[in-house]
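Next comes target16.pdb, a file with PDB, C-alpha atoms, pLDDT in the B column.
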```pdb
MODEL        1
ATOM      1  CA  GLY A   2      63.442-149.292 -33.109  1.00 66.00           C
ATOM      2  CA  GLU A   3      61.099-147.717 -30.615  1.00 75.00           C
ATOM      3  CA  ASN A   4      59.488-144.479 -31.742  1.00 85.00           C
ATOM      4  CA  VAL A   5      58.154-142.015 -29.171  1.00 92.00           C
ATOM      5  CA  GLU A   6      56.547-138.757 -30.267  1.00 93.00           C
ATOM      6  CA  GLN A   7      55.109-135.940 -28.235  1.00 95.00           C
ATOM      7  CA  HIS A   8      52.686-133.317 -29.454  1.00 96.00           C
ATOM      8  CA  PRO A   9      52.688-130.422 -29.364  1.00 97.00           C
ATOM      9  CA  SER A  10      56.341-129.459 -28.956  1.00 95.00           C
ATOM     10  CA  THR A  11      55.323-126.118 -27.460  1.00 97.00           C
ATOM     11  CA  LEU A  12      52.072-125.073 -25.847  1.00 97.00           C
ATOM     12  CA  SER A  13      50.969-121.703 -24.506  1.00 98.00           C
ATOM     13  CA  VAL A  14      47.823-121.396 -22.418  1.00 98.00           C
ATOM     14  CA  GLN A  15      46.234-118.685 -20.340  1.00 98.00           C
ATOM     15  CA  GLU A  16      46.342-119.154 -16.601  1.00 97.00           C
ATOM     16  CA  GLY A  17      43.311-121.137 -15.505  1.00 97.00           C
ATOM     17  CA  ASP A  18      42.880-122.911 -18.828  1.00 97.00           C
ATOM     18  CA  SER A  19      43.556-126.599 -19.417  1.00 98.00           C
ATOM     19  CA  ALA A  20      46.552-128.128 -21.200  1.00 98.00           C
ATOM     20  CA  VAL A  21      46.796-131.505 -22.912  1.00 98.00           C
ATOM     21  CA  ILE A  22      49.986-133.162 -24.130  1.00 98.00           C
ATOM     22  CA  LYS A  23      49.894-136.378 -26.120  1.00 98.00           C
ATOM     23  CA  CYS A  24      52.538-139.095 -26.321  1.00 97.00           C
ATOM     24  CA  THR A  25      52.479-141.719 -29.061  1.00 96.00           C
ATOM     25  CA  TYR A  26      54.661-144.815 -28.888  1.00 95.00           C
ATOM     26  CA  SER A  27      55.287-147.800 -31.125  1.00 93.00           C
ATOM     27  CA  ASP A  28      56.349-150.634 -28.780  1.00 91.00           C
ATOM     28  CA  SER A  29      53.252-152.656 -27.913  1.00 90.00           C
ATOM     29  CA  ALA A  30      55.172-154.293 -25.039  1.00 89.00           C
ATOM     30  CA  SER A  31      55.334-151.007 -23.106  1.00 91.00           C
ATOM     31  CA  ASN A  32      53.599-151.465 -19.763  1.00 90.00           C
ATOM     32  CA  TYR A  33      54.403-148.380 -17.688  1.00 92.00           C
ATOM     33  CA  PHE A  34      53.632-144.826 -18.744  1.00 95.00           C
ATOM     34  CA  PRO A  35      55.093-141.943 -16.727  1.00 95.00           C
ATOM     35  CA  TRP A  36      55.159-138.207 -17.233  1.00 97.00           C
ATOM     36  CA  TYR A  37      58.104-136.158 -15.988  1.00 97.00           C
ATOM     37  CA  LYS A  38      58.277-132.401 -15.421  1.00 97.00           C
ATOM     38  CA  GLN A  39      61.539-130.538 -15.863  1.00 96.00           C
ATOM     39  CA  GLU A  40      61.885-127.044 -14.519  1.00 95.00           C
ATOM     40  CA  LEU A  41      64.608-124.736 -15.732  1.00 92.00           C
ATOM     41  CA  GLY A  42      68.041-125.787 -14.501  1.00 90.00           C
ATOM     42  CA  LYS A  43      66.786-128.952 -12.809  1.00 93.00           C
ATOM     43  CA  GLY A  44      66.501-132.632 -13.521  1.00 95.00           C
ATOM     44  CA  PRO A  45      63.195-134.211 -14.575  1.00 96.00           C
ATOM     45  CA  GLN A  46      60.809-135.208 -11.812  1.00 96.00           C
ATOM     46  CA  LEU A  47      57.985-137.732 -11.976  1.00 96.00           C
ATOM     47  CA  ILE A  48      54.577-136.089 -11.681  1.00 97.00           C
ATOM     48  CA  ILE A  49      52.193-138.895 -12.567  1.00 97.00           C
ATOM     49  CA  ASP A  50      52.285-142.394 -13.995  1.00 95.00           C
ATOM     50  CA  ILE A  51      49.907-145.124 -15.116  1.00 93.00           C
ATOM     51  CA  ARG A  52      50.189-148.825 -15.724  1.00 89.00           C
ATOM     52  CA  SER A  53      48.844-150.796 -18.643  1.00 81.00           C
ATOM     53  CA  ASN A  54      45.897-152.265 -16.773  1.00 81.00           C
ATOM     54  CA  VAL A  55      44.415-148.843 -15.987  1.00 80.00           C
ATOM     55  CA  GLY A  56      42.799-146.354 -18.370  1.00 90.00           C
ATOM     56  CA  GLU A  57      42.965-143.155 -16.341  1.00 94.00           C
ATOM     57  CA  LYS A  58      44.574-141.796 -13.198  1.00 94.00           C
ATOM     58  CA  LYS A  59      44.084-138.444 -11.480  1.00 96.00           C
ATOM     59  CA  ASP A  60      46.070-136.550  -8.900  1.00 94.00           C
ATOM     60  CA  GLN A  61      44.509-133.200  -8.050  1.00 96.00           C
ATOM     61  CA  ARG A  62      44.901-130.984 -11.150  1.00 97.00           C
ATOM     62  CA  ILE A  63      46.782-133.490 -13.254  1.00 98.00           C
ATOM     63  CA  ALA A  64      45.592-136.671 -14.927  1.00 98.00           C
ATOM     64  CA  VAL A  65      46.917-139.239 -17.341  1.00 97.00           C
ATOM     65  CA  THR A  66      44.822-141.239 -19.781  1.00 97.00           C
ATOM     66  CA  LEU A  67      45.994-144.317 -21.640  1.00 96.00           C
ATOM     67  CA  ASN A  68      44.790-145.873 -24.867  1.00 94.00           C
ATOM     68  CA  LYS A  69      46.836-149.054 -25.285  1.00 93.00           C
ATOM     69  CA  THR A  70      45.038-150.082 -28.453  1.00 92.00           C
ATOM     70  CA  ALA A  71      45.976-146.849 -30.198  1.00 94.00           C
ATOM     71  CA  LYS A  72      49.354-146.707 -28.376  1.00 94.00           C
ATOM     72  CA  HIS A  73      49.112-143.266 -26.930  1.00 95.00           C
ATOM     73  CA  PHE A  74      48.749-141.662 -23.531  1.00 97.00           C
ATOM     74  CA  SER A  75      48.071-138.078 -22.595  1.00 98.00           C
ATOM     75  CA  LEU A  76      48.816-135.670 -19.784  1.00 98.00           C
ATOM     76  CA  HIS A  77      45.976-133.375 -18.747  1.00 98.00           C
ATOM     77  CA  ILE A  78      46.534-130.327 -16.550  1.00 98.00           C
ATOM     78  CA  THR A  79      43.484-128.381 -15.439  1.00 97.00           C
ATOM     79  CA  GLU A  80      43.320-124.885 -13.928  1.00 98.00           C
ATOM     80  CA  THR A  81      46.870-124.183 -15.038  1.00 98.00           C
ATOM     81  CA  GLN A  82      49.080-121.973 -12.898  1.00 97.00           C
ATOM     82  CA  PRO A  83      52.330-120.113 -13.673  1.00 96.00           C
ATOM     83  CA  GLU A  84      54.295-122.756 -11.760  1.00 96.00           C
ATOM     84  CA  ASP A  85      53.124-125.350 -14.285  1.00 98.00           C
ATOM     85  CA  SER A  86      55.407-123.685 -16.843  1.00 97.00           C
ATOM     86  CA  ALA A  87      58.088-126.281 -17.605  1.00 97.00           C
ATOM     87  CA  VAL A  88      59.108-128.940 -20.090  1.00 97.00           C
ATOM     88  CA  TYR A  89      57.162-132.199 -19.871  1.00 98.00           C
ATOM     89  CA  PHE A  90      58.475-135.572 -21.009  1.00 97.00           C
ATOM     90  CA  CYS A  91      56.727-138.878 -21.542  1.00 96.00           C
ATOM     91  CA  ALA A  92      58.760-142.067 -21.150  1.00 94.00           C
ATOM     92  CA  PRO A  93      56.820-145.221 -22.140  1.00 93.00           C
ATOM     93  CA  PHE A  94      58.652-148.094 -20.538  1.00 89.00           C
ATOM     94  CA  ARG A  95      59.180-151.783 -20.890  1.00 83.00           C
ATOM     95  CA  THR A  96      61.928-153.926 -19.423  1.00 78.00           C
ATOM     96  CA  TYR A  97      65.408-152.776 -20.465  1.00 75.00           C
ATOM     97  CA  LYS A  98      63.997-149.947 -22.596  1.00 78.00           C
ATOM     98  CA  TYR A  99      64.408-146.392 -21.380  1.00 84.00           C
ATOM     99  CA  ILE A 100      63.225-143.964 -24.041  1.00 89.00           C
ATOM    100  CA  PHE A 101      61.993-140.437 -23.486  1.00 92.00           C
ATOM    101  CA  GLY A 102      59.923-138.279 -25.764  1.00 93.00           C
ATOM    102  CA  THR A 103      61.475-135.070 -27.108  1.00 91.00           C
ATOM    103  CA  GLY A 104      59.541-132.921 -24.661  1.00 94.00           C
ATOM    104  CA  THR A 105      56.772-130.325 -24.661  1.00 96.00           C
ATOM    105  CA  ARG A 106      57.459-126.814 -23.446  1.00 96.00           C
ATOM    106  CA  LEU A 107      54.400-125.511 -21.622  1.00 98.00           C
ATOM    107  CA  LYS A 108      54.042-121.797 -20.986  1.00 97.00           C
ATOM    108  CA  VAL A 109      51.272-120.594 -18.730  1.00 97.00           C
ATOM    109  CA  LEU A 110      50.553-116.952 -19.391  1.00 95.00           C
ATOM    110  CA  ALA A 111      49.409-114.852 -16.446  1.00 89.00           C
TER     111      ALA A 111
ATOM    112  CA  ASP B  25      66.949-136.871   3.315  1.00 70.00           C
ATOM    113  CA  ALA B  26      68.067-139.275   0.605  1.00 71.00           C
ATOM    114  CA  GLU B  27      69.216-137.593  -2.577  1.00 92.00           C
ATOM    115  CA  ILE B  28      71.159-137.876  -5.800  1.00 95.00           C
ATOM    116  CA  THR B  29      73.990-135.453  -6.500  1.00 96.00           C
ATOM    117  CA  GLN B  30      76.182-134.734  -9.483  1.00 97.00           C
ATOM    118  CA  SER B  31      79.545-133.034  -9.712  1.00 97.00           C
ATOM    119  CA  PRO B  32      80.766-130.841 -11.127  1.00 97.00           C
ATOM    120  CA  ARG B  33      77.653-128.862 -12.069  1.00 97.00           C
ATOM    121  CA  HIS B  34      79.542-127.083 -14.840  1.00 97.00           C
ATOM    122  CA  LYS B  35      82.656-128.165 -16.708  1.00 98.00           C
ATOM    123  CA  ILE B  36      84.663-126.733 -19.590  1.00 98.00           C
ATOM    124  CA  THR B  37      87.261-128.951 -21.213  1.00 97.00           C
ATOM    125  CA  GLU B  38      89.240-129.274 -24.421  1.00 97.00           C
ATOM    126  CA  THR B  39      88.870-131.853 -27.155  1.00 98.00           C
ATOM    127  CA  GLY B  40      90.899-134.981 -26.535  1.00 97.00           C
ATOM    128  CA  ARG B  41      90.934-134.686 -22.745  1.00 97.00           C
ATOM    129  CA  GLN B  42      89.537-137.369 -20.478  1.00 97.00           C
ATOM    130  CA  VAL B  43      86.649-136.168 -18.338  1.00 98.00           C
ATOM    131  CA  THR B  44      84.849-137.900 -15.488  1.00 98.00           C
ATOM    132  CA  LEU B  45      81.444-136.828 -14.220  1.00 98.00           C
ATOM    133  CA  ALA B  46      80.430-138.017 -10.779  1.00 98.00           C
ATOM    134  CA  CYS B  47      77.032-139.280  -9.648  1.00 98.00           C
ATOM    135  CA  HIS B  48      76.246-140.227  -6.052  1.00 98.00           C
ATOM    136  CA  GLN B  49      72.932-141.419  -4.601  1.00 97.00           C
ATOM    137  CA  THR B  50      72.004-142.121  -1.011  1.00 95.00           C
ATOM    138  CA  TRP B  51      68.774-144.059  -1.627  1.00 92.00           C
ATOM    139  CA  ASN B  52      70.609-147.386  -1.835  1.00 93.00           C
ATOM    140  CA  HIS B  53      69.029-147.904  -5.265  1.00 95.00           C
ATOM    141  CA  ASN B  54      70.358-150.789  -7.314  1.00 95.00           C
ATOM    142  CA  ASN B  55      69.645-149.165 -10.687  1.00 95.00           C
ATOM    143  CA  MET B  56      71.574-146.140 -11.949  1.00 96.00           C
ATOM    144  CA  PHE B  57      71.490-144.386 -15.313  1.00 96.00           C
ATOM    145  CA  TRP B  58      73.292-141.740 -17.328  1.00 97.00           C
ATOM    146  CA  TYR B  59      71.476-139.615 -19.920  1.00 97.00           C
ATOM    147  CA  ARG B  60      72.463-136.734 -22.105  1.00 97.00           C
ATOM    148  CA  GLN B  61      70.036-133.973 -23.002  1.00 96.00           C
ATOM    149  CA  ASP B  62      70.296-132.008 -26.227  1.00 93.00           C
ATOM    150  CA  LEU B  63      67.858-129.655 -27.908  1.00 83.00           C
ATOM    151  CA  GLY B  64      65.540-131.554 -30.200  1.00 77.00           C
ATOM    152  CA  HIS B  65      66.521-134.956 -28.805  1.00 80.00           C
ATOM    153  CA  GLY B  66      65.100-135.011 -25.333  1.00 86.00           C
ATOM    154  CA  LEU B  67      66.908-137.400 -22.990  1.00 93.00           C
ATOM    155  CA  ARG B  68      68.979-140.192 -24.480  1.00 94.00           C
ATOM    156  CA  LEU B  69      70.365-143.100 -22.480  1.00 94.00           C
ATOM    157  CA  ILE B  70      74.149-143.473 -22.436  1.00 96.00           C
ATOM    158  CA  HIS B  71      74.806-146.305 -19.959  1.00 97.00           C
ATOM    159  CA  TYR B  72      72.979-147.983 -17.115  1.00 96.00           C
ATOM    160  CA  SER B  73      73.712-150.356 -14.267  1.00 96.00           C
ATOM    161  CA  TYR B  74      71.493-152.779 -12.362  1.00 95.00           C
ATOM    162  CA  GLY B  75      73.955-153.325  -9.540  1.00 94.00           C
ATOM    163  CA  VAL B  76      77.577-153.450  -8.445  1.00 96.00           C
ATOM    164  CA  HIS B  77      79.873-154.570 -11.263  1.00 95.00           C
ATOM    165  CA  ASP B  78      76.972-154.539 -13.749  1.00 96.00           C
ATOM    166  CA  THR B  79      77.059-152.082 -16.669  1.00 97.00           C
ATOM    167  CA  ASN B  80      75.081-151.928 -19.918  1.00 95.00           C
ATOM    168  CA  LYS B  81      75.232-149.793 -23.032  1.00 95.00           C
ATOM    169  CA  GLY B  82      72.424-147.484 -23.901  1.00 93.00           C
ATOM    170  CA  GLU B  83      71.356-145.781 -27.098  1.00 90.00           C
ATOM    171  CA  VAL B  84      74.351-143.403 -27.369  1.00 95.00           C
ATOM    172  CA  SER B  85      77.239-145.154 -25.581  1.00 96.00           C
ATOM    173  CA  ASP B  86      80.082-144.551 -28.070  1.00 97.00           C
ATOM    174  CA  GLY B  87      82.865-142.495 -26.482  1.00 97.00           C
ATOM    175  CA  TYR B  88      81.581-143.039 -22.936  1.00 98.00           C
ATOM    176  CA  SER B  89      82.300-145.608 -20.232  1.00 98.00           C
ATOM    177  CA  VAL B  90      81.032-146.335 -16.712  1.00 98.00           C
ATOM    178  CA  SER B  91      82.051-148.588 -13.861  1.00 97.00           C
ATOM    179  CA  ARG B  92      80.100-149.544 -10.747  1.00 97.00           C
ATOM    180  CA  SER B  93      82.260-150.445  -7.769  1.00 97.00           C
ATOM    181  CA  ASN B  94      79.655-149.716  -5.094  1.00 97.00           C
ATOM    182  CA  THR B  95      75.906-149.116  -4.829  1.00 97.00           C
ATOM    183  CA  GLU B  96      76.100-145.359  -4.349  1.00 97.00           C
ATOM    184  CA  ASP B  97      78.248-144.209  -7.285  1.00 98.00           C
ATOM    185  CA  LEU B  98      78.226-144.460 -11.073  1.00 98.00           C
ATOM    186  CA  PRO B  99      80.908-142.203 -12.588  1.00 98.00           C
ATOM    187  CA  LEU B 100      80.700-141.429 -16.307  1.00 98.00           C
ATOM    188  CA  THR B 101      83.984-141.118 -18.219  1.00 98.00           C
ATOM    189  CA  LEU B 102      84.504-139.488 -21.571  1.00 97.00           C
ATOM    190  CA  GLU B 103      87.653-141.177 -22.785  1.00 95.00           C
ATOM    191  CA  SER B 104      88.632-138.461 -25.274  1.00 97.00           C
ATOM    192  CA  ALA B 105      86.217-135.557 -25.224  1.00 97.00           C
ATOM    193  CA  ALA B 106      84.772-134.395 -28.543  1.00 98.00           C
ATOM    194  CA  SER B 107      82.801-131.244 -29.363  1.00 97.00           C
ATOM    195  CA  SER B 108      79.795-133.464 -30.142  1.00 96.00           C
ATOM    196  CA  GLN B 109      79.756-134.400 -26.459  1.00 98.00           C
ATOM    197  CA  THR B 110      78.901-130.871 -25.416  1.00 97.00           C
ATOM    198  CA  SER B 111      75.618-131.423 -23.626  1.00 97.00           C
ATOM    199  CA  VAL B 112      73.809-131.513 -20.304  1.00 97.00           C
ATOM    200  CA  TYR B 113      74.297-134.828 -18.528  1.00 98.00           C
ATOM    201  CA  PHE B 114      71.803-136.265 -16.059  1.00 98.00           C
ATOM    202  CA  CYS B 115      72.268-139.133 -13.685  1.00 97.00           C
ATOM    203  CA  ALA B 116      69.255-141.039 -12.363  1.00 96.00           C
ATOM    204  CA  SER B 117      68.543-143.935 -10.053  1.00 96.00           C
ATOM    205  CA  SER B 118      65.655-146.283  -9.358  1.00 93.00           C
ATOM    206  CA  ASP B 119      64.923-149.088  -6.970  1.00 89.00           C
ATOM    207  CA  SER B 120      64.933-152.722  -8.110  1.00 82.00           C
ATOM    208  CA  GLY B 121      61.649-153.638  -9.753  1.00 78.00           C
ATOM    209  CA  VAL B 122      60.479-150.010  -9.677  1.00 78.00           C
ATOM    210  CA  GLU B 123      60.340-148.058 -12.897  1.00 84.00           C
ATOM    211  CA  THR B 124      60.270-144.536 -11.457  1.00 90.00           C
ATOM    212  CA  GLN B 125      63.593-142.772 -11.897  1.00 93.00           C
ATOM    213  CA  TYR B 126      64.955-140.021  -9.652  1.00 95.00           C
ATOM    214  CA  PHE B 127      67.162-137.535 -11.431  1.00 96.00           C
ATOM    215  CA  GLY B 128      70.114-135.492 -10.289  1.00 96.00           C
ATOM    216  CA  PRO B 129      70.444-131.758 -11.004  1.00 96.00           C
ATOM    217  CA  GLY B 130      72.603-132.258 -14.105  1.00 97.00           C
ATOM    218  CA  THR B 131      76.116-131.381 -15.275  1.00 97.00           C
ATOM    219  CA  ARG B 132      76.571-128.896 -18.079  1.00 97.00           C
ATOM    220  CA  LEU B 133      79.634-129.884 -20.118  1.00 98.00           C
ATOM    221  CA  LEU B 134      81.250-127.723 -22.784  1.00 97.00           C
ATOM    222  CA  VAL B 135      83.952-129.250 -24.966  1.00 97.00           C
ATOM    223  CA  LEU B 136      86.025-126.670 -26.825  1.00 96.00           C
TER     224      LEU B 136
ENDMDL
END
```
Please express the file's structure as structure tokens.
Amino acid sequence: GENVEQHPSTLSVQEGDSAVIKCTYSDSASNYFPWYKQELGKGPQLIIDIRSNVGEKKDQRIAVTLNKTAKHFSLHITETQPEDSAVYFCAPFRTYKYIFGTGTRLKVLA
Amino acid sequence: DAEITQSPRHKITETGRQVTLACHQTWNHNNMFWYRQDLGHGLRLIHYSYGVHDTNKGEVSDGYSVSRSNTEDLPLTLESAASSQTSVYFCASSDSGVETQYFGPGTRLLVL
């Protein structure tokens, strides 16, 4: 079956530094690659996504890069702030397949 | 504003009891989903629906059922609650042809 792995599982960075989370998937038919952020006590919320025909997408301090050949995509957060502390999930998607990674807990230290 | 709500937010029940968790969305989305979240497993799909009267099994559907009688609601029923079903349950919805899912706030269920 589909295998989705996220690394690292936990990440601590100093405020202002950058953070990178990588998601590796096995299903070559995946064609949509979102990242969700889950704050404590809340449901996940989409923060950025990318489709298979694009290599990189940016939205202010966050970006996603995709390497379809190697089957991985990464979340990049620059100039991290305390409010970036949360759990982040990747969810590579193809029709009728809804699989989430196991999550990365990001802690931004002030 | 459109939203997705879940009730109750917290529930304690005993093994063997039937439990129903409610999910209601006001976006008029055709697609609705139920996930459970456990430490070390992330989010796992239980059931999903692409429209009224449509239901499909997900990765971890055993012991759970859903029915879709209207667009707005997808209740999740645990037929006979087991301690292994202690978890946080999230409902989500998405529009037809759109992959982005919108999640509810979750229901924390404890089965004793």
As a check of understanding, name the residues that the ChimeraX specification (/B :<6) & /A selects in the supplied structure, as a compact mmCIF listing (two decimals) with C-alpha atoms, in the coordinates of the input.
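Everything below was put into part-v7.txt:
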```txt
# COMPACT_ATOMS: atom_id res chain seq x y z
CA LYS A 43 66.79 -128.95 -12.81
CA GLY A 44 66.50 -132.63 -13.52
CA PHE A 101 61.99 -140.44 -23.49
CA THR A 103 61.48 -135.07 -27.11
CA GLY A 104 59.54 -132.92 -24.66
```
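The protein and nucleic acid residues lying at most 12 Å from A:Ala30 are Glu3, Tyr26, Phe34, Arg52, Ser53, Lys69, Thr70, Lys72, Pro93, Phe94, Arg95, Thr96, Tyr97 and Lys98 of chain A, with all atoms listed in the file considered and sequence neighbours fewer than 4 positions away removed.
Those residues that approach B:Ser89 to within 9 Å, counting only C-alpha atoms, are Ile70, His71, Lys81, Ser85, Pro99, Leu100, Thr101, Leu102 and Glu103 of chain B; same-chain residues fewer than 4 positions away are not listed.
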For a cut-off of 8 Å around (55.2, -144.0, -30.4), file coordinates, pick out all residues using all atoms listed in the file and list them as a ChimeraX atom specification.
-> /A:3-6,24-28,72-73
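Taken over the shown file, the PyMOL selection byres ((chain B and resi 46) around 10) identifies Thr29, Gln30, Ser31, Pro32, Arg33, Val43, Thr44, Leu45, Cys47, His48, Asp97, Leu98, Pro99, Leu100, Thr101, Cys115 and Thr131 of chain B.
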Counting only C-alpha atoms, the residue of B:Asn94, B:Asn55, B:Thr39, B:Asp86 that sits nearest B:Ser118 | B:Asn55
Within 7 Å of A:Thr66 using only C-alpha atoms, minus same-chain residues under 3 positions, as a VMD selection string | chain A and resid 56 to 58 74 to 76
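Note that the spacing between atom CA of A:His77 and atom CA of A:Lys108 amounts to 14.3 Å.
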Just say which residues the PyMOL selection byres ((chain A and resi 107) around 7) picks in this file, as a compact mmCIF listing (two decimals) with C-alpha atoms, in the frame of the given file.
```
# COMPACT_ATOMS: atom_id res chain seq x y z
CA THR A 11 55.32 -126.12 -27.46
CA LEU A 12 52.07 -125.07 -25.85
CA SER A 13 50.97 -121.70 -24.51
CA SER A 86 55.41 -123.68 -16.84
CA ALA A 87 58.09 -126.28 -17.60
CA VAL A 88 59.11 -128.94 -20.09
CA THR A 105 56.77 -130.32 -24.66
CA ARG A 106 57.46 -126.81 -23.45
CA LYS A 108 54.04 -121.80 -20.99
CA VAL A 109 51.27 -120.59 -18.73
```
Out of B:Leu133, B:Ala26, B:Ile36, B:Val76, which residue has the shortest atom-to-atom distance to B:Thr110 when counting only C-alpha atoms?
-> B:Leu133
Can you pull out every residue within 10 Å of A:Gly17, counting all atoms listed in the file, but drop anything in the same chain fewer than 3 positions away, and send it as a list of chain:residue names?
-> A:Val14, A:Ala20, A:Ile78, A:Thr79, A:Glu80, A:Thr81, A:Gln82, A:Pro83, A:Val109, A:Leu110, A:Ala111
Would you mind putting N, CA, C and O atoms back on stretch 77-89 of chain B and writing the result as a compact mmCIF listing (two decimals), in the coordinates of the input?
```txt
# COMPACT_ATOMS: atom_id res chain seq x y z
N HIS B 77 79.13 -153.86 -10.21
CA HIS B 77 79.87 -154.57 -11.26
C HIS B 77 79.04 -154.85 -12.51
O HIS B 77 79.53 -155.48 -13.45
N ASP B 78 77.81 -154.38 -12.56
CA ASP B 78 76.97 -154.54 -13.75
C ASP B 78 76.92 -153.23 -14.53
O ASP B 78 76.64 -152.18 -13.94
N THR B 79 77.21 -153.26 -15.83
CA THR B 79 77.06 -152.08 -16.67
C THR B 79 76.50 -152.52 -18.02
O THR B 79 76.79 -153.64 -18.48
N ASN B 80 75.72 -151.63 -18.64
CA ASN B 80 75.08 -151.93 -19.92
C ASN B 80 75.10 -150.69 -20.80
O ASN B 80 74.97 -149.58 -20.30
N LYS B 81 75.22 -150.91 -22.09
CA LYS B 81 75.23 -149.79 -23.03
C LYS B 81 73.81 -149.35 -23.34
O LYS B 81 72.91 -150.16 -23.49
N GLY B 82 73.69 -148.04 -23.48
CA GLY B 82 72.42 -147.48 -23.90
C GLY B 82 72.45 -147.09 -25.36
O GLY B 82 73.28 -147.56 -26.14
N GLU B 83 71.55 -146.20 -25.71
CA GLU B 83 71.36 -145.78 -27.10
C GLU B 83 72.56 -145.05 -27.69
O GLU B 83 72.88 -145.18 -28.87
N VAL B 84 73.27 -144.25 -26.86
CA VAL B 84 74.35 -143.40 -27.37
C VAL B 84 75.62 -143.60 -26.54
O VAL B 84 76.17 -142.67 -25.96
N SER B 85 76.13 -144.81 -26.47
CA SER B 85 77.24 -145.15 -25.58
C SER B 85 78.63 -144.90 -26.16
O SER B 85 79.62 -144.88 -25.41
N ASP B 86 78.75 -144.72 -27.47
CA ASP B 86 80.08 -144.55 -28.07
C ASP B 86 80.80 -143.35 -27.49
O ASP B 86 80.27 -142.23 -27.45
N GLY B 87 82.06 -143.57 -27.04
CA GLY B 87 82.86 -142.50 -26.48
C GLY B 87 82.70 -142.31 -24.99
O GLY B 87 83.36 -141.45 -24.40
N TYR B 88 81.84 -143.12 -24.38
CA TYR B 88 81.58 -143.04 -22.94
C TYR B 88 81.82 -144.40 -22.27
O TYR B 88 81.63 -145.44 -22.90
N SER B 89 82.19 -144.37 -21.00
CA SER B 89 82.30 -145.61 -20.23
C SER B 89 81.86 -145.35 -18.80
O SER B 89 81.89 -144.20 -18.32
```
